[in-house]
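What follows is coords.txt (compact mmCIF, C-alpha atoms).
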```
# COMPACT_ATOMS: atom_id res chain seq x y z
CA MET C 27 136.09 79.91 90.67
CA PRO C 28 134.07 78.09 93.39
CA LYS C 29 130.33 78.26 92.73
CA ARG C 30 129.61 79.70 96.19
CA ARG C 31 132.06 82.56 95.68
CA ASN C 32 130.59 83.23 92.22
CA GLU C 33 127.09 83.46 93.73
CA GLU C 34 128.39 85.91 96.35
CA TYR C 35 129.77 88.16 93.61
CA VAL C 36 126.51 87.97 91.65
CA ALA C 37 124.55 88.87 94.80
CA LYS C 38 126.79 91.90 95.41
CA MET C 39 126.28 93.10 91.83
CA VAL C 40 122.51 92.72 92.17
CA LYS C 41 122.69 94.80 95.36
CA MET C 42 124.50 97.47 93.32
CA GLY C 43 121.49 97.66 91.01
CA ILE C 44 122.65 95.37 88.21
CA PHE C 45 120.19 92.82 86.79
CA GLU C 46 120.94 89.28 87.99
CA ARG C 47 121.30 87.88 84.47
CA ASP C 48 123.68 90.68 83.51
CA ALA C 49 125.74 89.87 86.61
CA ARG C 50 125.89 86.16 85.75
CA ILE C 51 127.02 86.86 82.21
CA TYR C 52 129.64 89.36 83.38
CA MET C 53 131.08 86.84 85.85
CA ALA C 54 131.20 84.18 83.12
CA LEU C 55 133.03 86.60 80.82
CA LEU C 56 135.49 87.52 83.58
CA GLU C 57 136.36 83.87 84.06
CA GLN C 58 136.52 82.84 80.40
CA ARG C 59 137.64 86.16 78.83
CA GLU C 60 135.77 85.59 75.56
CA LEU C 61 132.56 83.67 74.91
CA THR C 62 130.02 83.21 72.12
CA ALA C 63 126.31 83.53 72.83
CA MET C 64 126.01 79.73 72.80
CA GLU C 65 128.85 79.36 75.28
CA ILE C 66 127.27 81.96 77.55
CA HIS C 67 124.01 80.04 77.36
CA LYS C 68 125.70 76.78 78.35
CA LEU C 69 127.58 78.34 81.28
CA THR C 70 124.71 80.41 82.71
CA ASN C 71 121.56 78.50 81.61
CA ILE C 72 120.18 81.79 80.30
CA PRO C 73 118.12 81.20 77.12
CA ARG C 74 120.19 81.95 74.04
CA THR C 75 117.60 84.39 72.68
CA LYS C 76 117.83 86.37 75.92
CA VAL C 77 121.65 86.32 75.83
CA TYR C 78 121.64 88.51 72.70
CA GLU C 79 119.27 91.00 74.32
CA ILE C 80 121.16 91.13 77.61
CA THR C 81 124.63 91.45 76.06
CA GLN C 82 123.43 94.42 73.99
CA ARG C 83 122.23 96.07 77.20
CA MET C 84 125.58 95.30 78.83
CA ILE C 85 127.43 96.82 75.85
CA ARG C 86 125.41 100.04 76.23
CA ALA C 87 126.20 100.04 79.96
CA GLY C 88 129.93 99.60 79.27
CA MET C 89 130.19 96.16 80.89
CA CYS C 90 131.29 94.17 77.84
CA ILE C 91 132.27 94.51 74.20
CA GLU C 92 131.34 92.57 71.07
CA LYS C 93 134.04 91.19 68.76
CA GLN C 94 133.86 89.51 65.37
CA MET C 95 136.30 86.61 65.18
CA GLY C 96 136.41 84.09 62.34
CA GLY C 97 132.82 84.69 61.39
CA LYS C 98 131.64 84.37 65.01
CA LYS C 99 130.50 87.02 67.43
CA LYS C 100 132.26 86.86 70.76
CA TYR C 101 131.77 88.89 73.91
CA GLN C 102 134.50 90.06 76.24
CA ALA C 103 134.25 91.55 79.73
CA VAL C 104 135.39 95.13 80.16
CA GLU C 105 138.01 95.65 82.88
CA PRO C 106 136.09 96.01 86.21
CA ASN C 107 137.13 99.56 87.10
CA ARG C 108 135.96 100.83 83.72
CA ALA C 109 132.89 98.55 83.67
CA PHE C 110 131.48 100.03 86.86
CA ALA C 111 132.59 103.63 86.27
CA GLN C 112 129.39 104.42 84.35
CA LEU C 113 127.28 102.89 87.12
CA VAL C 114 129.01 105.08 89.69
CA LYS C 115 128.33 108.16 87.55
CA GLU C 116 124.65 107.26 87.31
CA TYR C 117 124.43 106.84 91.09
CA GLU C 118 126.14 110.17 91.65
CA SER C 119 123.81 111.89 89.18
CA ASP C 120 120.74 110.33 90.80
CA LEU C 121 121.95 111.27 94.28
CA GLU C 122 122.57 114.86 93.20
CA GLU C 123 119.10 115.09 91.67
CA LYS C 124 117.51 113.76 94.86
CA ARG C 125 119.60 116.15 96.94
CA LYS C 126 118.37 119.12 94.89
CA LEU C 127 114.76 117.90 95.09
CA ALA C 128 114.98 117.45 98.87
CA THR C 129 116.52 120.90 99.34
CA SER C 130 113.90 122.52 97.13
CA PHE C 131 111.04 120.68 98.81
CA ALA C 132 112.32 121.62 102.28
CA LYS C 133 112.30 125.31 101.31
CA MET C 134 108.77 125.03 99.92
CA VAL C 135 107.30 123.47 103.05
CA TYR C 136 109.29 125.43 105.64
CA PRO C 137 106.61 128.16 105.91
CA ILE C 138 104.13 125.41 106.76
CA TYR C 139 106.44 124.22 109.54
CA ASN C 140 106.65 127.76 110.92
CA ARG C 141 102.87 127.99 110.97
CA GLY C 142 102.52 124.52 112.48
CA SER C 143 101.03 125.68 115.76
CA GLN C 144 98.45 127.77 113.91
CA ILE C 145 97.45 124.76 111.80
CA VAL C 146 96.85 122.64 114.88
CA ASP C 147 94.97 125.42 116.67
CA ALA C 148 92.77 125.91 113.64
CA GLU C 149 92.03 122.15 113.58
CA TYR C 150 93.35 121.80 110.05
CA VAL C 151 94.85 118.41 110.92
CA GLU C 152 92.94 115.17 111.50
CA VAL C 153 94.68 112.07 112.85
CA ILE C 154 92.90 108.89 111.72
CA LYS C 155 93.79 105.43 113.02
CA GLY C 156 92.65 102.03 111.86
CA LEU C 157 91.66 100.84 108.40
CA PRO C 158 87.84 101.21 108.76
CA SER C 159 88.11 104.88 109.82
CA ILE C 160 90.72 105.64 107.16
CA HIS C 161 88.56 103.97 104.51
CA GLU C 162 85.49 106.03 105.45
CA ARG C 163 87.46 109.29 105.41
CA TYR C 164 89.09 108.46 102.07
CA VAL C 165 85.75 107.69 100.42
CA SER C 166 84.24 110.92 101.75
CA LEU C 167 87.17 112.95 100.35
CA VAL C 168 86.84 111.26 96.94
CA LYS C 169 83.11 111.94 96.90
CA GLY C 170 83.82 115.60 97.59
CA THR C 171 86.45 115.95 94.84
CA ARG C 172 85.33 118.05 91.88
CA ARG C 173 88.49 118.73 89.87
CA GLU C 174 91.47 116.45 90.49
CA LEU C 175 92.71 113.54 92.57
CA LEU C 176 96.45 112.80 92.75
CA ALA C 177 97.51 109.56 94.40
CA PHE C 178 100.80 108.02 95.52
CA VAL C 179 99.84 104.34 95.97
CA LYS C 180 102.29 102.09 97.81
CA ARG C 181 102.28 99.28 100.34
CA PRO C 182 100.35 98.31 102.35
CA TYR C 183 97.76 97.85 99.56
CA VAL C 184 94.13 98.03 100.56
CA PHE C 185 93.33 94.78 98.72
CA ASN C 186 95.30 92.92 101.36
CA TYR C 187 92.36 93.49 103.68
CA LYS C 188 88.81 93.23 102.26
CA ARG C 189 87.33 93.03 98.77
CA GLN C 190 84.38 95.14 99.95
CA ILE C 191 86.71 98.03 100.76
CA VAL C 192 88.28 97.84 97.30
CA ASP C 193 84.83 97.87 95.66
CA GLU C 194 83.66 100.89 97.65
CA GLN C 195 86.82 102.87 96.88
CA GLU C 196 86.68 101.97 93.19
CA ASN C 197 83.00 102.96 92.97
CA ALA C 198 83.71 106.31 94.63
CA GLU C 199 86.54 107.02 92.18
CA PHE C 200 84.52 105.94 89.14
CA ALA C 201 81.65 108.23 90.19
CA MET C 202 84.18 111.07 90.57
CA LEU C 203 85.49 110.40 87.03
CA ARG C 204 81.95 110.43 85.65
CA ARG C 205 81.49 113.87 87.22
CA GLY C 206 84.36 115.09 85.03
CA ALA C 207 87.16 115.13 87.60
CA VAL C 208 90.65 113.87 86.72
CA ALA C 209 92.45 111.06 88.54
CA ARG C 210 96.20 110.66 88.13
CA VAL C 211 97.69 107.78 90.09
CA LEU C 212 101.28 106.67 90.68
CA TYR C 213 101.46 103.00 91.62
CA GLU C 214 104.43 101.38 93.30
CA LEU C 215 105.21 98.08 91.57
CA PRO C 216 104.13 95.20 93.83
CA ASP C 217 105.85 91.99 94.79
CA LYS C 218 105.20 89.10 92.44
CA LYS C 219 102.57 87.51 94.70
CA GLU C 220 100.55 90.74 94.72
CA SER C 221 100.92 91.56 91.04
CA GLU C 222 97.84 89.81 89.64
CA PHE C 223 95.35 91.58 91.90
CA LEU C 224 96.91 95.03 91.55
CA PHE C 225 97.30 94.61 87.78
CA THR C 226 93.59 93.77 87.45
CA HIS C 227 92.66 96.78 89.59
CA VAL C 228 94.85 99.19 87.60
CA LYS C 229 93.53 98.00 84.23
CA LYS C 230 89.96 98.37 85.47
CA CYS C 231 90.63 101.93 86.66
CA ILE C 232 92.36 102.88 83.39
CA LYS C 233 89.34 101.63 81.47
CA MET C 234 87.13 103.95 83.53
CA GLY C 235 89.35 106.95 82.72
CA GLU C 236 92.06 106.98 85.35
CA LYS C 237 95.56 108.02 84.22
CA ALA C 238 98.05 105.60 85.74
CA ARG C 239 101.83 105.29 85.83
CA VAL C 240 104.15 102.97 87.76
CA MET C 241 107.48 103.22 89.58
CA ALA C 242 109.64 100.70 91.43
CA ASP C 243 109.59 102.81 94.60
CA ILE C 244 107.34 105.63 95.82
CA PRO C 245 108.47 107.66 98.86
CA ILE C 246 105.11 108.02 100.65
CA LYS C 247 101.50 106.88 100.57
CA MET C 248 99.63 110.14 99.95
CA TYR C 249 96.57 111.59 98.21
CA VAL C 250 95.83 115.17 97.15
CA PHE C 251 92.22 116.26 96.62
CA ASP C 252 91.47 119.40 94.58
CA GLN C 253 94.84 120.86 95.71
CA LYS C 254 93.21 121.53 99.06
CA TYR C 255 93.23 118.38 101.18
CA VAL C 256 96.20 116.04 101.69
CA LEU C 257 95.77 112.53 103.09
CA MET C 258 99.12 110.99 104.02
CA ALA C 259 100.28 107.86 105.81
CA LEU C 260 102.42 107.80 108.93
CA ASP C 261 104.80 104.91 109.57
CA ASN C 262 104.31 103.53 113.05
CA VAL C 263 108.02 102.95 113.51
CA LYS C 264 107.96 102.96 117.32
CA LEU C 265 105.15 100.50 117.88
CA VAL C 266 104.90 97.69 115.37
CA THR C 267 101.52 96.70 116.85
CA ALA C 268 100.10 100.21 116.50
CA PRO C 269 97.18 100.68 114.09
CA PHE C 270 97.80 102.08 110.65
CA THR C 271 97.67 105.89 110.93
CA MET C 272 97.00 108.65 108.39
CA LEU C 273 96.72 112.43 108.55
CA VAL C 274 94.25 114.64 106.73
CA VAL C 275 95.58 118.18 106.34
CA GLU C 276 93.47 120.97 104.91
CA HIS C 277 96.13 123.35 103.67
CA PRO C 278 96.57 124.61 100.07
CA SER C 279 100.31 125.30 100.51
CA LEU C 280 101.02 121.73 101.57
CA ALA C 281 98.78 120.47 98.78
CA LEU C 282 100.75 122.58 96.29
CA ALA C 283 104.07 121.18 97.54
CA ALA C 284 102.71 117.63 97.34
CA THR C 285 101.47 118.33 93.80
CA MET C 286 104.94 119.54 92.76
CA LEU C 287 106.49 116.33 94.11
CA PHE C 288 103.83 114.28 92.33
CA ASN C 289 104.49 116.01 88.98
CA HIS C 290 108.23 115.47 89.37
CA LEU C 291 107.77 111.73 89.91
CA TRP C 292 105.05 111.50 87.25
CA GLU C 293 107.55 112.59 84.59
CA LYS C 294 109.91 109.77 85.60
CA ALA C 295 107.28 107.04 85.87
CA LYS C 296 106.26 104.55 83.17
CA ASP C 297 102.81 104.42 81.61
CA ALA C 298 100.91 101.53 83.19
CA GLN C 299 99.32 100.71 79.83
CA ARG C 300 102.68 99.46 78.53
CA PHE C 301 102.10 96.31 80.59
CA LYS C 302 99.97 93.96 78.48
CA ASP C 303 99.59 91.37 81.25
CA SER C 304 100.64 90.82 84.85
CA LYS C 305 103.67 88.63 84.07
CA LYS C 306 106.09 91.55 84.39
CA PHE C 307 103.92 93.82 86.53
CA TYR C 308 106.09 93.46 89.64
CA ARG C 309 109.50 94.31 91.03
CA GLN C 310 112.16 92.27 89.27
CA LYS C 311 115.70 91.61 90.40
CA GLY C 312 116.82 89.99 87.18
CA GLY C 313 116.63 91.06 83.53
```

Could you quickly redo this structure as structure tokens?
Amino acid sequence: MPKRRNEEYVAKMVKMGIFERDARIYMALLEQRELTAMEIHKLTNIPRTKVYEITQRMIRAGMCIEKQMGGKKKYQAVEPNRAFAQLVKEYESDLEEKRKLATSFAKMVYPIYNRGSQIVDAEYVEVIKGLPSIHERYVSLVKGTRRELLAFVKRPYVFNYKRQIVDEQENAEFAMLRRGAVARVLYELPDKKESEFLFTHVKKCIKMGEKARVMADIPIKMYVFDQKYVLMALDNVKLVTAPFTMLVVEHPSLALAATMLFNHLWEKAKDAQRFKDSKKFYRQKGG
């Protein structure tokens, strides 16, 4: 098979959610039918020690099988329709779960929508534009927190701007933790170029008492303070040059709904302490 066409197939499999190395091994097995670990290594340039690990993952996923032939282990690709059937089932299950969550969340926040005019009239909503103003409001909310801070942390990361801002926000959180409040934070895994800084920040916060977990994708940048105040980001989708904008909403019902979403995602996230260094603390396309 031409190399360019092979790369196109690998790219399509990666887009489906399959690790790049898994895709390369599967394509090699499709072409050659049966291969030993050494043969896979030679065809794909994947280290032999990783080949064993990846093929076991592929076996569990139903993409290949392991055969013992003449004292040698060989791997064989599973017929494509069957190989991707399990992946389709997982996507359908995930979609159904998200559909149920969205329906449930919509019902929870609908009363807030109905009372929207009252919220605005009562000046429960603040619109804050620009990083300096957002930073000042965030620090003041942290300083006022007595019981619990919940945070959905995603791009754009504050460290992309000024080190002074990071220090002030960290100091405010650490003082809050010393007062006995709890901080639970969900971090969206960064790109590789951002991983070192964010990894250092997360480890520092964990050492001070923060509880941190990570996910590949987080739906919204949002913070919940004492189940009373919600600080959430707005995407400036109409004007790319518009300043970064966030809302502060003082409303216990919205805070409760946000807390329920946070707890749902928290159960699915991975403990940040499982990362011993920053080498894998980022979004990865391959295995």

Two-atom distance - CA of Gly235 in chain C, CA of Ser279 in chain C (Å)
27.8 Å

Counting all atoms listed in the file, which residues of range 78-173 of chain C fall within 9 Å of range 57-68 of chain C, and what is the closest atom pair for each with its distance in Å at one decimal, ordered by chain and rising number, as JSON lines?
```
{"residue": "C:Tyr78", "atom": "CA", "partner": "C:Ala63", "partner_atom": "CA", "distance": 6.8}
{"residue": "C:Thr81", "atom": "CA", "partner": "C:Ala63", "partner_atom": "CA", "distance": 8.7}
{"residue": "C:Lys93", "atom": "CA", "partner": "C:Glu60", "partner_atom": "CA", "distance": 9.0}
{"residue": "C:Lys98", "atom": "CA", "partner": "C:Thr62", "partner_atom": "CA", "distance": 7.4}
{"residue": "C:Lys99", "atom": "CA", "partner": "C:Thr62", "partner_atom": "CA", "distance": 6.1}
{"residue": "C:Lys100", "atom": "CA", "partner": "C:Thr62", "partner_atom": "CA", "distance": 4.5}
{"residue": "C:Tyr101", "atom": "CA", "partner": "C:Leu61", "partner_atom": "CA", "distance": 5.4}
{"residue": "C:Gln102", "atom": "CA", "partner": "C:Glu60", "partner_atom": "CA", "distance": 4.7}
{"residue": "C:Ala103", "atom": "CA", "partner": "C:Arg59", "partner_atom": "CA", "distance": 6.4}
```

Would you save the residues of that selection, restricted to C-alpha atoms, as a PDB file, keeping the file's coordinate frame?
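This is the output file out_4.pdb:
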```pdb
ATOM      1  CA  TYR C  78     121.640  88.510  72.700  1.00  0.00           C
ATOM      2  CA  THR C  81     124.630  91.450  76.060  1.00  0.00           C
ATOM      3  CA  LYS C  93     134.040  91.190  68.760  1.00  0.00           C
ATOM      4  CA  LYS C  98     131.640  84.370  65.010  1.00  0.00           C
ATOM      5  CA  LYS C  99     130.500  87.020  67.430  1.00  0.00           C
ATOM      6  CA  LYS C 100     132.260  86.860  70.760  1.00  0.00           C
ATOM      7  CA  TYR C 101     131.770  88.890  73.910  1.00  0.00           C
ATOM      8  CA  GLN C 102     134.500  90.060  76.240  1.00  0.00           C
ATOM      9  CA  ALA C 103     134.250  91.550  79.730  1.00  0.00           C
TER      10      ALA C 103
END
```

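Neighbours of Glu123 in chain C closer than or equal to 12 Å, with all atoms listed in the file counted and sequence neighbours fewer than 6 positions away skipped, come out as Glu116, Tyr117, Thr129, Ser130, His290 and Leu291 of chain C.
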
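Distance check against Glu196 in chain C using all atoms listed in the file: of C:Lys41, C:His277, C:Arg172, C:Lys229, the minimum falls on C:Lys229.
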
Taken to one decimal, the CA of Tyr150 in chain C-CA of Met258 in chain C distance is 13.7 Å

I'd like to know which of C:Lys155, C:Arg205, C:Lys302, C:Lys180 is closest to Thr226 in chain C, using all atoms listed in the file.
C:Lys302

Residue nearest Pro278 in chain C - candidates C:Cys231, C:Val135, C:Asn197, C:Leu203, atoms counted: all atoms listed in the file
C:Val135

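Each of C:Glu79, C:Val192, C:Ile44, C:Leu212 was checked against Asn289 in chain C using all atoms listed in the file; the smallest atom-to-atom distance is that of C:Leu212.
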
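Comparing C:Asp297, C:Glu152, C:Glu194, C:Glu162 by their smallest distance to Tyr255 in chain C, the closest is C:Glu152 (using only C-alpha atoms).
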
Distance query 12 Å from (104.4, 113.6, 85.4) using all atoms listed in the file, result as a PDB file with C-alpha atoms, keeping the file's coordinate frame:
```
ATOM      1  CA  LEU C 176      96.450 112.800  92.750  1.00  0.00           C
ATOM      2  CA  ARG C 210      96.200 110.660  88.130  1.00  0.00           C
ATOM      3  CA  VAL C 211      97.690 107.780  90.090  1.00  0.00           C
ATOM      4  CA  LEU C 212     101.280 106.670  90.680  1.00  0.00           C
ATOM      5  CA  LYS C 237      95.560 108.020  84.220  1.00  0.00           C
ATOM      6  CA  ALA C 238      98.050 105.600  85.740  1.00  0.00           C
ATOM      7  CA  ARG C 239     101.830 105.290  85.830  1.00  0.00           C
ATOM      8  CA  VAL C 240     104.150 102.970  87.760  1.00  0.00           C
ATOM      9  CA  MET C 241     107.480 103.220  89.580  1.00  0.00           C
ATOM     10  CA  THR C 285     101.470 118.330  93.800  1.00  0.00           C
ATOM     11  CA  MET C 286     104.940 119.540  92.760  1.00  0.00           C
ATOM     12  CA  LEU C 287     106.490 116.330  94.110  1.00  0.00           C
ATOM     13  CA  PHE C 288     103.830 114.280  92.330  1.00  0.00           C
ATOM     14  CA  ASN C 289     104.490 116.010  88.980  1.00  0.00           C
ATOM     15  CA  HIS C 290     108.230 115.470  89.370  1.00  0.00           C
ATOM     16  CA  LEU C 291     107.770 111.730  89.910  1.00  0.00           C
ATOM     17  CA  TRP C 292     105.050 111.500  87.250  1.00  0.00           C
ATOM     18  CA  GLU C 293     107.550 112.590  84.590  1.00  0.00           C
ATOM     19  CA  LYS C 294     109.910 109.770  85.600  1.00  0.00           C
ATOM     20  CA  ALA C 295     107.280 107.040  85.870  1.00  0.00           C
ATOM     21  CA  LYS C 296     106.260 104.550  83.170  1.00  0.00           C
ATOM     22  CA  ASP C 297     102.810 104.420  81.610  1.00  0.00           C
TER      23      ASP C 297
END
```
